[in-house]
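Source file run.txt; content: compact mmCIF, C-alpha atoms.
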```txt
# COMPACT_ATOMS: atom_id res chain seq x y z
CA MET A 741 66.34 -59.97 -64.81
CA GLU A 742 68.33 -56.88 -64.99
CA PRO A 743 69.66 -55.46 -61.76
CA ALA A 744 67.90 -52.15 -62.31
CA ALA A 745 64.52 -53.86 -62.50
CA ALA A 746 65.25 -55.81 -59.32
CA VAL A 747 66.14 -52.61 -57.44
CA THR A 748 62.95 -50.94 -58.65
CA ILE A 749 60.84 -53.83 -57.50
CA LEU A 750 62.65 -53.79 -54.13
CA ALA A 751 62.02 -50.08 -53.69
CA VAL A 752 58.36 -50.41 -54.48
CA VAL A 753 58.03 -53.30 -52.08
CA ILE A 754 59.71 -51.30 -49.35
CA ILE A 755 57.38 -48.36 -49.89
CA VAL A 756 54.32 -50.58 -49.90
CA LEU A 757 55.44 -52.22 -46.69
CA LEU A 758 55.91 -48.85 -45.08
CA LEU A 759 52.43 -47.84 -46.15
CA VAL A 760 50.90 -51.03 -44.85
CA VAL A 761 52.62 -50.93 -41.50
CA TYR A 762 51.91 -47.33 -40.74
CA LEU A 763 48.37 -47.33 -42.11
CA VAL A 764 47.45 -50.41 -40.11
CA ALA A 765 48.82 -48.78 -37.01
CA ILE A 766 46.88 -45.62 -37.76
CA ILE A 767 43.70 -47.62 -38.32
CA GLY A 768 44.16 -49.26 -34.96
CA GLN A 769 44.56 -45.94 -33.23
CA LEU A 770 41.53 -44.47 -35.01
CA LYS A 771 39.42 -47.45 -33.96
CA GLN A 772 40.41 -46.89 -30.34
CA ILE A 773 39.63 -43.22 -30.69
CA THR A 774 36.24 -44.06 -32.12
CA ALA A 775 35.47 -46.40 -29.25
CA ASP A 776 36.45 -43.81 -26.67
CA LEU A 777 34.48 -41.13 -28.46
CA ASP A 778 31.43 -43.36 -28.34
CA VAL A 779 31.69 -43.41 -24.57
CA VAL A 780 32.17 -39.65 -24.44
CA ILE A 781 29.30 -39.00 -26.79
CA GLY A 782 27.07 -41.22 -24.67
CA ALA A 783 27.98 -39.20 -21.63
CA VAL A 784 27.41 -35.95 -23.48
CA LEU A 785 24.02 -37.14 -24.61
CA GLU A 786 23.23 -37.97 -21.02
CA ILE A 787 24.29 -34.47 -20.04
CA VAL A 788 22.08 -33.02 -22.74
CA ARG A 789 19.17 -35.13 -21.54
CA GLN A 790 19.64 -34.10 -17.92
CA THR A 791 20.12 -30.43 -18.64
CA GLY A 792 17.25 -30.22 -21.06
CA PRO A 793 14.60 -28.90 -18.63
CA VAL A 794 17.06 -26.74 -16.73
CA ASN A 795 16.52 -23.76 -18.96
CA ALA A 796 12.77 -23.67 -18.50
CA VAL A 797 13.04 -24.31 -14.76
CA VAL A 798 15.63 -21.60 -14.24
CA ILE A 799 13.57 -19.17 -16.30
CA THR A 800 10.55 -19.92 -14.14
CA ILE A 801 12.58 -19.50 -10.96
CA ASN A 802 13.93 -16.20 -12.21
CA GLN A 803 10.46 -15.01 -13.12
CA GLN A 804 9.19 -15.89 -9.66
CA LEU A 805 12.14 -14.20 -7.99
CA ASP A 806 11.72 -11.16 -10.20
CA ALA A 807 8.09 -10.95 -9.18
CA GLY A 808 9.08 -11.23 -5.52
CA VAL A 809 11.74 -8.55 -5.87
CA ASP A 810 9.35 -6.25 -7.69
CA LEU A 811 6.75 -6.84 -5.00
CA LEU A 812 9.11 -6.09 -2.14
CA GLU A 813 10.64 -3.09 -3.87
CA GLY A 814 7.24 -1.67 -4.67
CA LEU A 815 6.02 -2.25 -1.14
CA LEU A 816 9.13 -0.69 0.35
CA VAL A 817 8.92 2.36 -1.90
CA LYS A 818 5.20 2.68 -1.26
CA LYS A 819 5.52 2.50 2.49
CA ALA A 820 8.83 4.17 3.16
CA GLY A 821 9.10 6.49 0.21
CA MET A 822 11.78 6.42 -2.42
CA GLN A 823 14.41 8.24 -0.42
CA ASP A 824 13.99 6.36 2.84
CA ALA A 825 13.68 3.08 1.00
CA LEU A 826 16.98 3.68 -0.73
CA GLY A 827 18.51 4.76 2.55
CA LEU A 828 17.31 1.62 4.26
CA VAL A 829 18.72 -0.54 1.49
CA GLU A 830 21.96 1.39 1.60
CA GLY A 831 22.11 0.97 5.34
CA MET A 832 21.71 -2.77 5.06
CA TYR A 833 23.80 -3.34 1.96
CA PRO A 834 26.30 -0.51 1.55
CA GLY A 835 26.78 0.50 -2.04
CA SER A 836 23.66 -1.17 -3.36
CA ALA A 837 21.67 2.04 -3.46
CA ALA A 838 23.78 3.20 -6.38
CA ASP A 839 22.14 0.55 -8.53
CA GLY A 840 18.71 1.74 -7.46
CA PHE A 841 15.57 -0.30 -7.71
CA ARG A 842 14.99 -2.21 -10.86
CA ARG A 843 11.46 -1.06 -11.54
CA PHE A 844 12.08 2.49 -10.43
CA GLY A 845 14.42 4.13 -12.87
CA ARG A 846 14.35 7.41 -11.02
CA SER A 847 15.80 5.67 -7.99
CA ARG A 848 19.24 5.91 -9.57
CA ASN A 849 19.02 9.67 -9.53
CA THR A 850 17.62 9.91 -6.02
CA LYS A 851 19.89 11.30 -3.37
CA VAL A 852 20.36 8.59 -0.81
CA PRO A 853 20.16 9.72 2.81
CA ARG A 854 22.78 8.48 5.16
CA ILE A 855 20.17 6.51 6.90
CA GLY A 856 22.51 3.77 7.97
CA GLU A 857 24.16 6.06 10.46
CA VAL A 858 20.93 6.94 12.17
CA TYR A 859 18.73 3.92 11.84
CA THR A 860 19.61 0.40 12.62
CA LYS A 861 18.54 -2.50 10.47
CA GLY A 862 14.82 -2.75 10.14
CA THR A 863 14.24 0.11 12.48
CA LEU A 864 12.32 2.08 9.95
CA THR A 865 9.92 -0.77 9.47
CA LEU A 866 9.53 -1.22 13.19
CA ALA A 867 8.96 2.49 13.59
CA ARG A 868 6.22 2.39 11.01
CA LEU A 869 4.71 -0.56 12.79
CA GLY A 870 4.23 1.73 15.74
CA ARG A 871 6.33 -0.24 18.14
CA GLU A 872 8.97 1.25 20.31
CA ALA A 873 11.75 0.92 17.86
CA PRO A 874 15.28 2.04 18.52
CA ILE A 875 15.00 4.97 16.21
CA ALA A 876 17.94 6.75 17.69
CA ALA A 877 19.93 7.10 20.79
CA GLY A 878 18.74 9.57 23.36
CA ASN A 879 22.13 11.12 23.25
CA PRO A 880 24.35 10.71 20.21
CA GLY A 881 27.18 9.86 22.53
CA GLY A 882 25.13 7.67 24.80
CA PRO A 883 23.73 4.20 24.52
CA ALA A 884 20.79 3.33 22.33
CA LEU A 885 17.39 3.64 23.84
CA ARG A 886 16.77 0.04 23.06
CA ASN A 887 19.08 -2.83 22.43
CA ALA A 888 18.60 -3.72 18.81
CA VAL A 889 20.24 -7.10 19.25
CA ASN A 890 18.25 -8.26 22.24
CA ALA A 891 15.18 -6.31 21.35
CA SER A 892 12.77 -9.04 22.35
CA SER A 893 13.93 -9.11 25.94
CA GLN A 894 13.80 -5.34 26.04
CA ALA A 895 10.27 -5.38 24.77
CA ARG A 896 9.38 -7.99 27.35
CA THR A 897 10.36 -5.60 30.10
CA LEU A 898 7.95 -3.08 28.67
CA TYR A 899 5.12 -5.56 28.30
CA PRO A 900 5.92 -8.37 30.75
CA ASP A 901 2.79 -10.40 30.28
CA PRO A 902 0.47 -8.93 27.71
CA ARG A 903 -1.70 -12.01 27.63
CA ARG A 904 -1.75 -12.42 31.42
CA SER A 905 -1.02 -16.01 30.85
CA SER A 906 0.71 -16.76 34.13
CA GLY A 907 1.41 -15.50 37.60
CA SER A 908 -0.68 -13.18 39.67
CA SER A 909 -1.74 -11.18 36.64
CA ARG A 910 -3.80 -14.15 35.60
CA ASP A 911 -6.16 -13.46 38.52
CA ASN A 912 -7.09 -10.17 36.94
CA LEU A 913 -8.51 -11.88 33.94
CA PRO A 914 -12.26 -12.27 33.94
CA LYS A 915 -13.23 -15.85 34.14
CA SER A 916 -14.66 -17.46 31.15
CA PRO A 917 -18.36 -18.21 31.47
CA THR A 918 -19.28 -21.78 32.01
CA ILE A 919 -21.86 -22.88 29.57
CA GLY A 920 -23.64 -26.10 28.92
CA SER A 921 -25.14 -28.59 31.29
CA ALA A 922 -22.44 -27.93 33.89
CA SER A 923 -23.12 -24.21 34.03
CA PRO A 924 -23.78 -22.82 37.52
CA ASN A 925 -26.60 -20.68 36.13
CA GLN A 926 -29.26 -23.05 34.98
CA TYR A 927 -32.29 -21.50 33.36
CA GLU A 928 -35.44 -23.47 33.17
CA PRO A 929 -36.81 -23.74 29.72
CA THR A 930 -39.67 -21.41 29.02
CA SER A 931 -43.08 -22.87 28.55
CA SER A 932 -44.31 -19.93 26.55
CA PRO A 933 -41.64 -18.71 24.20
CA GLY A 934 -41.88 -15.00 23.52
CA ALA A 935 -43.77 -14.17 26.72
CA ARG A 936 -42.03 -12.53 29.66
CA SER A 937 -41.84 -14.72 32.68
CA ARG A 938 -40.73 -11.76 34.82
CA MET A 939 -41.88 -8.25 34.21
CA PRO A 940 -39.55 -5.27 34.12
CA ALA A 941 -39.26 -3.04 37.14
CA ARG A 942 -41.80 -0.39 36.07
CA GLU A 943 -44.50 -2.82 35.23
CA ALA A 944 -43.82 -4.86 38.34
CA ALA A 945 -44.04 -1.72 40.47
CA GLU A 946 -47.32 -0.69 38.91
CA GLU A 947 -48.69 -4.11 39.45
CA SER A 948 -47.61 -4.06 43.07
CA GLY A 949 -49.09 -0.60 43.67
CA PHE A 950 -45.85 1.38 43.79
CA SER A 951 -45.21 4.26 41.50
CA ILE A 952 -42.01 5.17 39.84
CA ARG A 953 -40.44 8.47 40.72
CA PRO A 954 -41.02 10.72 37.77
CA PRO A 955 -38.34 12.95 36.39
CA SER A 956 -37.67 16.22 38.19
CA GLY A 957 -40.14 18.96 37.30
CA HIS A 958 -42.92 16.54 36.73
CA ARG A 959 -43.55 15.63 40.31
CA GLN A 960 -47.20 14.95 40.79
CA ALA A 961 -49.09 14.01 43.86
CA ALA A 962 -50.38 10.78 42.72
CA PRO A 963 -52.36 8.76 45.15
CA ALA A 964 -49.68 6.32 45.79
CA PRO A 965 -50.11 3.58 48.29
CA ALA A 966 -48.17 3.51 51.51
CA PRO A 967 -44.99 1.54 51.38
CA ALA A 968 -44.69 -1.72 53.09
CA PRO A 969 -42.47 -2.19 56.12
CA ALA A 970 -38.84 -2.02 55.27
CA ALA A 971 -37.92 -5.34 56.68
CA GLU A 972 -40.35 -7.18 54.52
CA ALA A 973 -40.72 -6.89 50.86
CA PRO A 974 -44.26 -5.95 49.96
CA PRO A 975 -46.16 -8.69 48.41
CA ALA A 976 -47.03 -8.15 44.86
CA ASP A 977 -50.71 -8.43 45.46
CA ALA A 978 -50.82 -6.40 48.72
CA PRO A 979 -53.35 -3.53 48.69
CA PRO A 980 -51.95 -0.02 49.05
CA ALA A 981 -52.16 1.51 52.52
CA GLU A 982 -54.36 4.58 52.99
CA THR A 983 -52.24 7.06 54.92
CA GLY A 984 -51.80 10.78 54.87
CA ALA A 985 -48.02 10.62 54.89
CA PRO A 986 -46.19 12.20 52.03
CA GLN A 987 -45.79 9.83 49.25
CA ARG A 988 -42.47 8.71 47.97
CA PHE A 989 -42.22 8.52 44.29
CA SER A 990 -40.16 5.48 44.39
CA ALA A 991 -40.60 1.85 43.80
CA ILE A 992 -38.37 1.20 46.75
CA SER A 993 -39.99 0.75 50.09
CA LYS A 994 -39.19 2.98 53.02
CA ARG A 995 -35.76 2.92 54.31
CA PRO A 996 -35.22 1.94 57.94
CA TRP A 997 -34.56 5.49 59.06
CA GLU A 998 -37.71 6.73 57.37
CA THR A 999 -40.09 4.62 59.44
CA MET B 58 69.68 -47.57 -68.26
CA ILE B 59 71.29 -44.73 -66.42
CA ILE B 60 67.98 -42.98 -66.09
CA TRP B 61 66.46 -46.13 -64.63
CA TRP B 62 69.19 -46.27 -62.00
CA ILE B 63 68.68 -42.64 -61.20
CA GLY B 64 64.96 -43.35 -60.80
CA ASN B 65 65.67 -46.23 -58.48
CA LEU B 66 67.99 -44.05 -56.46
CA VAL B 67 65.38 -41.33 -56.12
CA LEU B 68 62.76 -43.90 -55.17
CA LEU B 69 64.85 -45.37 -52.39
CA ALA B 70 66.58 -42.21 -51.16
CA VAL B 71 63.73 -39.69 -51.39
CA VAL B 72 60.28 -41.19 -51.92
CA ALA B 73 60.51 -43.99 -49.40
CA PRO B 74 61.87 -41.78 -46.56
CA VAL B 75 59.31 -39.07 -47.27
CA VAL B 76 56.48 -41.62 -47.20
CA ALA B 77 57.86 -43.10 -44.02
CA ILE B 78 58.19 -39.71 -42.33
CA LEU B 79 54.69 -38.64 -43.30
CA LEU B 80 53.11 -41.88 -42.16
CA LYS B 81 55.02 -41.75 -38.91
CA GLY B 82 53.77 -38.22 -38.31
CA VAL B 83 50.18 -39.28 -38.88
CA LEU B 84 50.63 -42.24 -36.59
CA THR B 85 52.16 -40.05 -33.89
CA ALA B 86 49.27 -37.63 -34.14
CA ALA B 87 46.74 -40.45 -33.92
CA ARG B 88 48.49 -41.89 -30.91
CA SER B 89 48.52 -38.53 -29.19
CA ILE B 90 44.76 -38.26 -29.56
CA VAL B 91 44.08 -41.51 -27.77
CA PRO B 92 45.17 -40.50 -24.25
CA ASN B 93 43.24 -37.29 -24.53
CA ILE B 94 40.09 -39.14 -25.52
CA GLN B 95 40.66 -41.65 -22.74
CA ALA B 96 41.01 -38.79 -20.30
CA LEU B 97 37.69 -37.41 -21.48
CA VAL B 98 35.80 -40.59 -20.67
CA PRO B 99 35.98 -40.39 -16.84
CA VAL B 100 35.40 -36.65 -16.96
CA ALA B 101 32.25 -37.07 -19.03
CA THR B 102 31.05 -39.81 -16.73
CA ALA B 103 31.74 -37.67 -13.67
CA ILE B 104 29.88 -34.74 -15.22
CA THR B 105 26.93 -36.99 -15.79
CA LYS B 106 26.97 -38.00 -12.14
CA ASP B 107 27.36 -34.40 -11.06
CA LEU B 108 24.25 -33.55 -13.00
CA ASP B 109 22.19 -36.16 -11.22
CA PRO B 110 20.86 -33.59 -8.67
CA VAL B 111 19.67 -31.35 -11.47
CA TYR B 112 16.17 -32.68 -11.00
CA LEU B 113 16.24 -31.00 -7.58
CA LEU B 114 15.78 -27.77 -9.48
CA LEU B 115 12.14 -28.75 -9.72
CA THR B 116 12.02 -28.79 -5.92
CA THR B 117 13.77 -25.43 -5.86
CA GLN B 118 11.27 -24.10 -8.34
CA ARG B 119 8.37 -25.30 -6.21
CA HIS B 120 9.88 -23.82 -3.07
CA VAL B 121 10.57 -20.53 -4.78
CA ILE B 122 6.98 -20.33 -5.95
CA GLN B 123 5.73 -21.08 -2.45
CA THR B 124 8.10 -18.56 -0.93
CA VAL B 125 7.06 -15.85 -3.33
CA GLU B 126 3.43 -16.63 -2.58
CA VAL B 127 4.10 -16.29 1.14
CA VAL B 128 5.98 -13.06 0.56
CA ALA B 129 3.12 -11.79 -1.56
CA ASN B 130 0.61 -12.61 1.15
CA TYR B 131 2.80 -11.03 3.79
CA GLY B 132 3.31 -8.00 1.60
CA GLY B 133 -0.41 -7.69 1.13
CA SER B 134 -0.90 -7.75 4.88
CA LEU B 135 1.83 -5.17 5.37
CA ASP B 136 0.23 -3.04 2.70
CA VAL B 137 -2.91 -2.99 4.79
CA ILE B 138 -1.22 -2.57 8.15
CA LEU B 139 1.32 0.11 7.33
CA ASP B 140 0.53 3.59 6.22
CA ASP B 141 1.83 4.79 2.92
CA ALA B 142 4.72 7.17 2.84
```
If you convert what's in this file into structure tokens, what do you get?
Amino acid sequence: MEPAAAVTILAVVIIVLLLVVYLVAIIGQLKQITADLDVVIGAVLEIVRQTGPVNAVVITINQQLDAGVDLLEGLLVKKAGMQDALGLVEGMYPGSAADGFRRFGRSRNTKVPRIGEVYTKGTLTLARLGREAPIAAGNPGGPALRNAVNASSQARTLYPDPRRSSGSSRDNLPKSPTIGSASPNQYEPTSSPGARSRMPAREAAEESGFSIRPPSGHRQAAPAPAPAPAAEAPPADAPPAETGAPQRFSAISKRPWET
Amino acid sequence: MIIWWIGNLVLLAVVAPVVAILLKGVLTAARSIVPNIQALVPVATAITKDLDPVYLLLTTQRHVIQTVEVVANYGGSLDVILDDA
């Protein structure tokens, strides 16, 4: 063999060995990469599976919140008016009035009153509720008419016990009627439903012989019976007394000083 | 014969080193990918665990719907109670 041929064969062998060594090493690395990527892809698929319904759920939540915001904005504008509503929002969240209300495009062009300097939070709503809200201080330099922080205790001083639930004020409450079998007023059942067991005063007086005093201007000298003695109630079936004394047009018997 | 020797010289002095350098570069690049991929594995697993409470969004959705319903009812009552501006 010629030396040149031997050198050629040696060079080719060296190159082939280099290719084999490096390519095998690269194959090993790629296999490891593939294995790791399988794990990552599995995790990504899990992420995709878990986040799949998020979009629809978040869209639904946003729709609900949008409806709530539209409702509250509409109610606020309806009740307080555009300007006061913006002022109230500005008073609670400074700077937010510049954005205006979402469903009221003209709110961006509305001049916002400096309501935050006059009204405290929620005062406008309380004022519209008709309660004694701390609308303003009596004197700009003086204290507020009502403590906005401890408003409940302040209101309690105005209305200490509106329900009269305790203390001496409870005695002023009318007692609840007692009904049922334990009631102190027991009424015997009627034997003739629909018929009066006791006649009204006029009919009872006529039956007993007394006459009712007519209205003024219609006094008539009716032959009324004499009244019974004052101490005793006249019996219902007592005959009228024949006397010449002036008659009293009354169902009431004579008073003690009239005898 | 001289040309053969020149060819052998080029094969050993140029082709073999170039092949070796290129293969070594590919191998280095492949090896540099591996730690990055291995670093991704725990991150992807952790993200999966972080997303476990995502199903609570359904609870949030239900609560939001209930809250908006309550607000709507309250707003309806206020609409009746309060005078319009």
task = Would you kindly report the residues of chain B within 9 Å of chain A, using all atoms listed in the file, as number ranges by chain?
result = B: 58, 61-62, 64-66, 68-69, 72-74, 76-77, 80-81, 83-85, 87-88, 90-92, 94-95, 97-105, 108-109, 111-112, 114-115, 117-119, 121-122, 124-126, 128-129, 132-133, 135-136, 138-142
ask   = Any idea what the distance is between CA of Thr850 (chain A) and CA of Gln823 (chain A)?
value =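 Result for CA of Thr850 (chain A) versus CA of Gln823 (chain A): 6.7 Å, one decimal.
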remark   = note - CA of Val127 (chain B) and CA of Arg846 (chain A) are separated by 28.5 Å
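Between CA of Ser847 (chain A) and CA of Val829 (chain A) the separation is 11.7 Å.
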